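Remarks on the structure that follows.
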Amino acid sequence: MQTILPAAAWPAACLVALLALPVTAQTLTVRVENPLAVPRPDEVVSLDWAALQRRHTALAEDNVRVVDAVSGEEVLSQPLDSDGDGTTDALLFLVSLWPEEVREYAVEAAPASSAGAARVFARHDDYRDDVAWESDRIAYRTYGRGLWNASEFEPLVSSGIDVWPKRVRDLIIERWYEKGHDAYHLDTGEGADFYSVGPTLGAGGTALWRDGRLYRAENFTDYRIIANGPIRTIFALTYAPWQAAGLTVSETKRITLDAGQHLFKAESLFASEGADSLTYAVGFVKRKEGVVGSMKQASPAWAWLSAWGPVERKNGGHGALGTAALLDRDRLVAVRETDDHYLALLTATPGEPVVQYVGAGWTASGDFNTVEDWWAYLDAVVQRLQAPLRVTVLPASP
């Protein structure tokens with residue numbers, strides 16, 4: 001399916017109809033409909049786990065699989081504990097649909113096989129105190145305070161987001177950390193870390209905006225990996241309070257990345273006593289190779305801010321890199337260009353989460369050839385967010 005469209009929008013919310021009567025059966029059939037006249041590869045269907053178990057009492061976290069109802073082939077699935085409390089909340093499975101296609105899948109009480117290698121991953125590097133995460137398309141990382149004490153590296157004070165562009169479909173984070181800091185900046189065929197973050201927002205980091213300037217958090221103080229594939233990885237980062245023109249602010253950030261996706265979901269929860277409303281920024285650093293920023297009101301609900309330019313021409317760097325954030329138009333108040341950033345300014349209420357979709361794409365990955373391809377991909381993400389898959393659990397078969 002990769003030939004019909006670059007990676008799918010992250011992720012499609014699903015309209016799920018579930019009956020409440022308990023049933024013990026061999027299978028449950030799930031109908032999945034694509035309402036759009038465009039192909040949708042690599043989309044995630046999410047089914048409520050408690051509702052499934054009421055329908056099929058033999059299901060268990062280690063005794064569930066999903067198969068294509070026509071071919072009988074198993075599809076990649078994942079029981080998901082979305083909040084890390086030890087209780088399964090959802091069953092995820094991965095689908096690819098042609099324009100306006102309807103397909104059916106069977107949820108069975110049987111152990112899942114390895115129906116495909118994991119396509120997402122997140123890990124914490126103890127020595128550097130980084131958290132890195134990836135899909136089969138691209139990888140990212142951000143920095144903890146332990147980096148300040150790692151003797152072989154220059155201390156970096158930054159809450160920015162780094163990009164590891166890659167041109168292979170397998171997962172590379174473990175290999176690249178094993179190669180070491182100098183080696184993973186050199187492209188030997190898989191891609192490399194060509195992106196310089198430094199003391200900036202990097203590729204889609206957040207900060208407070210007050211009195212016409214940015215006030216950034218320092219490196220994260222704590223992390224928690226909540227789920228780790230094979231379809232979805234989720235983790236949370238905690239940032240210690242920092243000062244923003246007389247206001248004390250803290251942030252907790254939850255990041256979710258799905259298989260096949262370039263964009264991850266970033267949910268930020270700001271806290272600040274004495275403030276009813278905050279203005280925060282999502283931004284992209286201007287790289288020294290030359291970057292062009294773009295903004296589009298993509299729909300009544302979403303806008304996107306993007307930056308595009310060549311990767312660093314060192315250590316084999318080649319091609320162009322696009323970075324972008326999809327933004328809630330109801331919260332968007334302004335766009336700013338500073339000496340070193342392209343910024344979108346948005347409103348937040350302390351104690352209430354705000355959401356944006358953030359990510360990057362590299363021409364050498366094979367998914368994008370031009371900036372127009374990158375913009376078209378962002379528009380496709382918005383289109384899919386507005387037209388979720390239609391998902392119905394049908395009456396059980398004996």
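Chains: A, B, ... in order of the structure tokens. Residues: from 1 per chain. Ligands: from 1, in order shown.
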
Open item on the list: For the strand (DSSP E) assignment from backbone DSSP, which residues of stretch 165-234 of chain A qualify? Please present them as a list in words.
Closed with: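 Restricting stretch 165-234 of chain A to strand (DSSP E) produces Pro165, Ala203, Gly204, Gly205, Thr206, Ala207, Leu208, Trp209, Arg210, Arg213, Leu214, Tyr215, Asp222, Tyr223, Arg224, Ile225, Ile226, Ala227, Asn228, Arg232, Thr233 and Ile234 of chain A.
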
Quick one: write out the picked residues with C-alpha atoms as a PDB file, in the first residue's frame?
ATOM      1  CA  PRO A 165      15.524  11.188   9.498  1.00  0.00           C
ATOM      2  CA  ALA A 203      11.111  20.595  15.486  1.00  0.00           C
ATOM      3  CA  GLY A 204       7.842  21.473  17.176  1.00  0.00           C
ATOM      4  CA  GLY A 205       8.760  22.103  20.798  1.00  0.00           C
ATOM      5  CA  THR A 206       6.585  24.283  23.024  1.00  0.00           C
ATOM      6  CA  ALA A 207       7.281  27.358  25.140  1.00  0.00           C
ATOM      7  CA  LEU A 208       5.439  30.228  26.816  1.00  0.00           C
ATOM      8  CA  TRP A 209       5.081  33.503  24.901  1.00  0.00           C
ATOM      9  CA  ARG A 210       4.945  36.652  26.998  1.00  0.00           C
ATOM     10  CA  ARG A 213       9.414  36.716  23.516  1.00  0.00           C
ATOM     11  CA  LEU A 214       9.806  32.995  24.177  1.00  0.00           C
ATOM     12  CA  TYR A 215      10.267  31.494  27.630  1.00  0.00           C
ATOM     13  CA  ASP A 222      10.969  12.837  34.594  1.00  0.00           C
ATOM     14  CA  TYR A 223       9.624  10.457  31.961  1.00  0.00           C
ATOM     15  CA  ARG A 224       7.244   7.504  31.830  1.00  0.00           C
ATOM     16  CA  ILE A 225       6.871   5.076  28.922  1.00  0.00           C
ATOM     17  CA  ILE A 226       3.236   3.973  29.030  1.00  0.00           C
ATOM     18  CA  ALA A 227       2.859   1.768  25.929  1.00  0.00           C
ATOM     19  CA  ASN A 228       5.445   0.494  23.488  1.00  0.00           C
ATOM     20  CA  ARG A 232       1.259   2.557  19.216  1.00  0.00           C
ATOM     21  CA  THR A 233       3.821   3.978  21.618  1.00  0.00           C
ATOM     22  CA  ILE A 234       2.879   6.457  24.354  1.00  0.00           C
TER      23      ILE A 234
END

TODO: Using only C-alpha atoms, determine which residues lie at most 7 Å from A:Gln78, disregarding the query and same-chain residues fewer than 3 positions distant; provide the list as an MDAnalysis selection string.
DONE: chainID A and resid 91:93 230:231

Go ahead and dump the residues you just picked, C-alpha atoms, as an mmCIF file, in the first residue's frame.
data_model
loop_
_atom_site.group_PDB
_atom_site.id
_atom_site.type_symbol
_atom_site.label_atom_id
_atom_site.label_comp_id
_atom_site.auth_asym_id
_atom_site.auth_seq_id
_atom_site.Cartn_x
_atom_site.Cartn_y
_atom_site.Cartn_z
ATOM 1 C CA LEU A 91 -7.731 -3.293 21.304
ATOM 2 C CA LEU A 92 -5.891 -1.692 18.407
ATOM 3 C CA PHE A 93 -5.429 -3.162 14.959
ATOM 4 C CA PRO A 230 3.798 -2.874 18.119
ATOM 5 C CA ILE A 231 1.243 -0.347 16.750
#

- [ ] Apply DSSP to the structure's backbone, then extract all residues of stretch 52-247 of chain A labelled helix (DSSP H, G or I) and return them as a VMD selection string.
- [x] chain A and resid 52 to 55 145 to 149 173 to 179 183 to 185

Could the residues in this selection be saved with N, CA and C atoms as a compact mmCIF listing (two decimals), in the first residue's frame?
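Saved to out_26.txt:
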# COMPACT_ATOMS: atom_id res chain seq x y z
N LEU A 52 -15.74 -5.07 24.31
CA LEU A 52 -15.44 -6.32 23.61
C LEU A 52 -15.58 -7.52 24.53
N GLN A 53 -15.06 -7.41 25.73
CA GLN A 53 -15.15 -8.53 26.67
C GLN A 53 -16.58 -8.83 27.08
N ARG A 54 -17.42 -7.81 27.14
CA ARG A 54 -18.83 -8.09 27.42
C ARG A 54 -19.46 -8.87 26.28
N ARG A 55 -19.01 -8.59 25.07
CA ARG A 55 -19.55 -9.31 23.91
C ARG A 55 -18.95 -10.69 23.75
N ARG A 145 17.59 16.05 32.03
CA ARG A 145 18.61 16.82 32.73
C ARG A 145 19.90 16.03 32.95
N GLY A 146 19.83 14.71 32.88
CA GLY A 146 21.05 13.92 33.02
C GLY A 146 22.09 14.23 31.97
N LEU A 147 21.64 14.77 30.83
CA LEU A 147 22.58 15.15 29.77
C LEU A 147 23.56 16.21 30.26
N TRP A 148 23.15 17.01 31.23
CA TRP A 148 24.05 18.03 31.75
C TRP A 148 25.28 17.44 32.41
N ASN A 149 25.16 16.18 32.87
CA ASN A 149 26.24 15.54 33.61
C ASN A 149 26.97 14.47 32.81
N ILE A 173 16.45 3.01 16.43
CA ILE A 173 16.90 3.72 17.63
C ILE A 173 17.93 2.93 18.41
N GLU A 174 17.64 1.66 18.66
CA GLU A 174 18.57 0.83 19.44
C GLU A 174 19.93 0.77 18.74
N ARG A 175 19.94 0.52 17.42
CA ARG A 175 21.20 0.41 16.69
C ARG A 175 21.99 1.71 16.74
N TRP A 176 21.29 2.83 16.57
CA TRP A 176 22.01 4.10 16.50
C TRP A 176 22.61 4.47 17.85
N TYR A 177 21.91 4.20 18.92
CA TYR A 177 22.51 4.46 20.23
C TYR A 177 23.72 3.56 20.47
N GLU A 178 23.62 2.32 20.01
CA GLU A 178 24.76 1.42 20.16
C GLU A 178 25.96 1.89 19.35
N LYS A 179 25.73 2.52 18.19
CA LYS A 179 26.84 3.04 17.38
C LYS A 179 27.56 4.17 18.08
N ALA A 183 28.94 8.37 15.62
CA ALA A 183 28.59 7.50 14.49
C ALA A 183 27.18 7.76 13.97
N TYR A 184 26.22 8.05 14.84
CA TYR A 184 24.86 8.22 14.33
C TYR A 184 24.65 9.60 13.69
N HIS A 185 25.68 10.42 13.65
CA HIS A 185 25.62 11.65 12.86
C HIS A 185 26.16 11.44 11.44

Open item on the list: Taking only C-alpha atoms into account, name the residue in A:Glu33, A:Gly366, A:Asp193, A:Glu267 that is nearest to A:Glu312.
Closed with: A:Asp193

Task: Contacts of A:Asn219 within 8 Å, only C-alpha atoms, excl. fewer than 6 positions in-chain, as an MDAnalysis selection string - done: chainID A and resid 143:145 157:159 239

Task: Residue nearest A:Val102 - candidates A:Asp68, A:Asp339, A:Glu289, A:Glu61, atoms counted: only C-alpha atoms - done: A:Asp68
